[in-house]
>>> print(open('upload13.txt').read())   # compact mmCIF, C-alpha atoms
# COMPACT_ATOMS: atom_id res chain seq x y z
CA MET A 1 0.66 -2.43 -6.18
CA TYR A 2 -0.64 -5.00 -3.72
CA ARG A 3 -3.58 -2.83 -2.68
CA LEU A 4 -4.58 -2.25 -6.29
CA ALA A 5 -4.16 -5.93 -7.19
CA TYR A 6 -6.18 -7.00 -4.16
CA GLY A 7 -8.84 -4.40 -4.94
CA ILE A 8 -9.35 -5.90 -8.40
CA THR A 9 -8.96 -9.61 -7.62
CA ARG A 10 -10.27 -9.62 -4.03
CA ASN A 11 -7.89 -12.49 -3.30
CA PRO A 12 -4.71 -12.06 -1.18
CA ALA A 13 -2.81 -14.92 -2.82
CA ASP A 14 -3.63 -13.66 -6.32
CA ALA A 15 -2.62 -10.13 -5.31
CA GLU A 16 0.78 -11.35 -4.07
CA GLU A 17 1.31 -13.26 -7.31
CA ILE A 18 0.33 -10.20 -9.35
CA VAL A 19 2.86 -8.04 -7.49
CA GLN A 20 5.58 -10.56 -8.34
CA ASP A 21 4.46 -10.64 -11.99
CA VAL A 22 4.48 -6.84 -12.15
CA PHE A 23 8.01 -6.67 -10.76
CA LEU A 24 9.12 -9.23 -13.35
CA GLN A 25 7.46 -7.26 -16.16
CA VAL A 26 9.01 -3.99 -14.97
CA VAL A 27 12.46 -5.60 -14.93
CA ARG A 28 11.99 -7.32 -18.30
CA LYS A 29 10.24 -4.48 -20.10
CA GLY A 30 11.69 -1.53 -18.20
CA THR A 31 13.86 -0.61 -21.16
CA GLY A 32 10.67 -0.29 -23.22
CA PHE A 33 9.34 2.44 -20.93
CA GLU A 34 9.15 5.46 -23.21
CA GLY A 35 8.62 8.12 -20.57
CA ARG A 36 5.44 9.50 -22.16
CA ALA A 37 3.74 9.12 -18.77
CA ALA A 38 5.02 9.11 -15.22
CA LEU A 39 6.69 5.90 -14.10
CA ALA A 40 4.04 5.45 -11.39
CA SER A 41 1.26 5.70 -14.00
CA TRP A 42 3.00 3.06 -16.11
CA ILE A 43 3.31 0.73 -13.10
CA TYR A 44 -0.38 1.28 -12.25
CA ARG A 45 -1.27 0.35 -15.81
CA VAL A 46 0.88 -2.79 -15.74
CA THR A 47 -0.61 -3.78 -12.37
CA THR A 48 -4.16 -3.16 -13.58
CA ASN A 49 -3.64 -5.18 -16.75
CA VAL A 50 -2.02 -8.11 -14.93
CA ALA A 51 -4.80 -8.12 -12.30
CA LEU A 52 -7.57 -7.94 -14.91
CA ASN A 53 -5.94 -10.76 -16.89
CA LYS A 54 -5.68 -12.82 -13.71
CA ARG A 55 -9.39 -12.33 -12.99
CA ARG A 56 -10.36 -13.21 -16.55
CA GLY A 57 -8.63 -16.54 -16.07
CA LYS A 58 -10.76 -17.26 -12.99
CA ARG A 59 -14.44 -17.24 -13.76
CA TYR A 60 -15.46 -19.09 -10.61
CA GLN A 61 -16.63 -15.88 -8.96
CA VAL A 62 -20.09 -14.68 -9.87
CA GLU A 63 -20.33 -11.15 -11.17
CA THR A 64 -23.56 -9.26 -11.23
CA SER A 65 -24.60 -7.39 -14.34
CA LEU A 66 -24.44 -3.70 -13.61
CA ASP A 67 -28.03 -3.40 -14.86
CA ASP A 68 -29.16 -5.55 -11.94
CA VAL A 69 -27.69 -3.21 -9.34
CA LEU A 70 -28.43 0.23 -10.78
CA PRO A 71 -31.54 2.06 -9.61
CA THR A 72 -34.66 1.73 -11.75
CA TRP A 73 -36.71 4.64 -13.03
CA GLU A 74 -40.40 5.22 -13.62
CA ALA A 75 -41.70 6.42 -17.00
CA ASP A 76 -42.05 9.94 -15.58
CA GLY A 77 -38.32 10.02 -14.72
CA HIS A 78 -38.62 9.49 -10.95
CA ARG A 79 -36.69 6.75 -9.18
CA ALA A 80 -38.68 3.59 -8.56
CA GLY A 81 -38.67 1.81 -5.21
CA PRO A 82 -39.66 2.39 -1.63
CA ARG A 83 -39.68 6.01 -0.49
CA ALA A 84 -36.93 5.28 2.04
CA PHE A 85 -34.57 4.31 -0.82
CA LEU A 86 -35.39 7.54 -2.60
CA VAL A 87 -34.12 9.71 0.21
CA ALA A 88 -31.23 7.52 1.39
CA ASN A 89 -28.35 9.75 2.42
CA TRP A 90 -25.11 7.85 2.95
CA SER A 91 -23.01 10.94 3.56
CA GLU A 92 -24.05 11.08 7.22
CA ARG A 93 -22.80 7.61 8.09
CA PRO A 94 -19.60 7.84 10.14
CA ASP A 95 -16.50 6.36 8.53
CA ALA A 96 -15.86 4.26 11.62
CA GLU A 97 -19.14 2.41 11.11
CA LEU A 98 -18.34 1.59 7.49
CA LEU A 99 -14.91 0.38 8.47
CA SER A 100 -16.13 -1.77 11.35
CA GLY A 101 -15.97 -5.53 10.91
CA GLU A 102 -19.40 -6.51 9.61
CA ALA A 103 -19.99 -3.31 7.66
CA ARG A 104 -16.55 -3.59 6.05
CA ARG A 105 -17.31 -7.17 4.99
CA ILE A 106 -20.62 -6.01 3.48
CA LEU A 107 -18.82 -3.18 1.65
CA GLU A 108 -16.22 -5.61 0.27
CA GLU A 109 -18.95 -7.99 -0.89
CA ALA A 110 -20.69 -5.10 -2.63
CA ILE A 111 -17.46 -4.11 -4.38
CA ASP A 112 -16.95 -7.76 -5.37
CA ARG A 113 -20.30 -7.72 -7.18
CA LEU A 114 -19.20 -4.94 -9.53
CA PRO A 115 -17.97 -5.99 -12.97
CA GLU A 116 -14.17 -5.94 -13.08
CA HIS A 117 -13.72 -2.88 -15.31
CA TYR A 118 -15.97 -0.83 -13.01
CA ARG A 119 -14.24 -2.19 -9.92
CA ALA A 120 -10.81 -1.30 -11.32
CA VAL A 121 -11.80 2.31 -11.95
CA LEU A 122 -13.42 2.59 -8.51
CA ILE A 123 -10.34 1.18 -6.76
CA LEU A 124 -7.91 3.37 -8.70
CA LYS A 125 -9.90 6.54 -8.09
CA ASP A 126 -11.38 6.10 -4.61
CA VAL A 127 -8.84 3.84 -2.90
CA GLU A 128 -5.59 4.74 -4.66
CA GLU A 129 -6.77 8.37 -4.99
CA LEU A 130 -5.49 8.82 -8.53
CA SER A 131 -6.73 11.65 -10.72
CA ASN A 132 -9.13 10.90 -13.57
CA GLU A 133 -6.26 11.36 -16.01
CA GLU A 134 -4.06 8.91 -14.12
CA VAL A 135 -6.89 6.37 -13.96
CA ALA A 136 -7.47 6.77 -17.71
CA THR A 137 -3.78 6.12 -18.33
CA ALA A 138 -3.80 3.10 -16.01
CA VAL A 139 -6.79 1.43 -17.65
CA GLY A 140 -5.99 2.58 -21.19
CA ASP A 141 -9.20 4.51 -21.73
CA SER A 142 -10.33 8.10 -22.18
CA VAL A 143 -10.98 10.43 -19.26
CA SER A 144 -14.65 10.72 -20.23
CA ALA A 145 -15.02 6.92 -20.23
CA VAL A 146 -13.37 6.78 -16.79
CA LYS A 147 -15.78 9.42 -15.45
CA THR A 148 -18.76 7.50 -16.83
CA ARG A 149 -17.57 4.17 -15.40
CA LEU A 150 -16.78 5.75 -12.06
CA HIS A 151 -20.23 7.34 -11.85
CA ARG A 152 -21.93 4.06 -12.73
CA ALA A 153 -19.77 2.09 -10.31
CA ARG A 154 -20.59 4.49 -7.47
CA MET A 155 -24.30 4.40 -8.30
CA ALA A 156 -24.28 0.62 -8.41
CA LEU A 157 -22.32 0.38 -5.16
CA ARG A 158 -24.73 2.75 -3.44
CA GLU A 159 -27.70 0.74 -4.70
CA ILE A 160 -26.21 -2.57 -3.55
CA LEU A 161 -25.48 -1.14 -0.09
CA THR A 162 -28.92 0.45 0.18
CA ARG A 163 -30.61 -2.84 -0.72
CA ARG A 164 -28.42 -4.75 1.74
CA LEU A 165 -28.35 -2.34 4.68
CA GLY A 166 -31.60 -0.49 4.13
CA PRO A 167 -31.80 3.26 4.19
CA PRO A 168 -29.51 5.12 6.58
CA ALA A 169 -31.11 6.17 9.87
>>> encode(input="upload13.txt", output="structure tokens")
Amino acid sequence: MYRLAYGITRNPADAEEIVQDVFLQVVRKGTGFEGRAALASWIYRVTTNVALNKRRGKRYQVETSLDDVLPTWEADGHRAGPRAFLVANWSERPDAELLSGEARRILEEAIDRLPEHYRAVLILKDVEELSNEEVATAVGDSVSAVKTRLHRARMALREILTRRLGPPA
């Protein structure tokens, strides 16, 4: 719960408070759990909702419109931008480099720039490793909407990192 809350809020104190709120809600509303989904899915949904509500109450952080961070396209359908961005291949970067201090901070800043509903789906799927169905249950949306948001979030994240770090060597 803490990892998910922190992934959405990006604030340790808020994440701790969210975990406490989730425990309180589970205790208070536990009898209302109908069993239509797994208990873990229900807790993910409660955590996601509490974290999103917490972020909505704090608008001091600047979010970037997703349109500003997605790649742009030429009229002929080709991607616009320097040639190096066109052939950027992030799959060959070692995990250790991405997890190192400065690179990790850059990655966290890039995730912070995503709108909250895209960030939530990305965290649930790629950090918590939930299935698309479980993510859909957690955020209260359809599987197809989750897939679309996840694709857009990944594209935006890749674009932000490419602009910040330049093309991979």
>>> closest_residue(input="upload13.txt", among="A:Ala80, A:Leu52, A:Ala40, A:Ala103", to="Thr137 in chain A", atoms="all atoms listed in the file")
A:Ala40
>>> atom_distance(input="upload13.txt", atom1="CA of Arg56 in chain A", atom2="CA of Pro115 in chain A")
11.1 Å
>>> residues_near_point(input="upload13.txt", point="(-22.3, 7.0, -13.7)", cutoff="12 Å", atoms="all atoms listed in the file", output="ChimeraX atom specification")
/A:66-67,70-71,118,121-122,144-158
>>> closest_residue(input="upload13.txt", among="A:Ala37, A:Val19, A:Leu161, A:Leu114", to="Glu133 in chain A", atoms="all atoms listed in the file")
A:Ala37
>>> residues_near_point(input="upload13.txt", point="(-23.3, -3.6, -3.5)", cutoff="8 Å", atoms="all atoms listed in the file", output="list in words")
Val69, Ile106, Leu107, Glu109, Ala110, Ile111, Asp112, Arg113, Leu114, Ala156, Leu157, Arg158, Glu159, Ile160, Leu161, Thr162, Arg163 and Arg164 of chain A
>>> atom_distance(input="upload13.txt", atom1="CA of Arg55 in chain A", atom2="CA of Ala5 in chain A")
10.1 Å
>>> closest_residue(input="upload13.txt", among="A:His117, A:Lys125, A:Arg104, A:His78", to="Asn49 in chain A", atoms="all atoms listed in the file")
A:His117
>>> closest_residue(input="upload13.txt", among="A:Val127, A:Ala136, A:Ala51, A:Ile43", to="Ile8 in chain A", atoms="only C-alpha atoms")
A:Ala51
>>> atom_distance(input="upload13.txt", atom1="CA of Gly166 in chain A", atom2="CA of Glu102 in chain A")
14.7 Å
>>> closest_residue(input="upload13.txt", among="A:Arg28, A:Glu116, A:Tyr2, A:Pro12", to="Asn53 in chain A", atoms="all atoms listed in the file")
A:Glu116
>>> residues_around(input="upload13.txt", residues="Trp42 in chain A", least_positions_apart="5", cutoff="10 Å", atoms="all atoms listed in the file", output="number ranges by chain")
A: 26, 33-37, 47-48, 134, 137-138
>>> closest_residue(input="upload13.txt", among="A:Ala13, A:Leu165, A:Met1, A:Leu24", to="Ser41 in chain A", atoms="all atoms listed in the file")
A:Met1
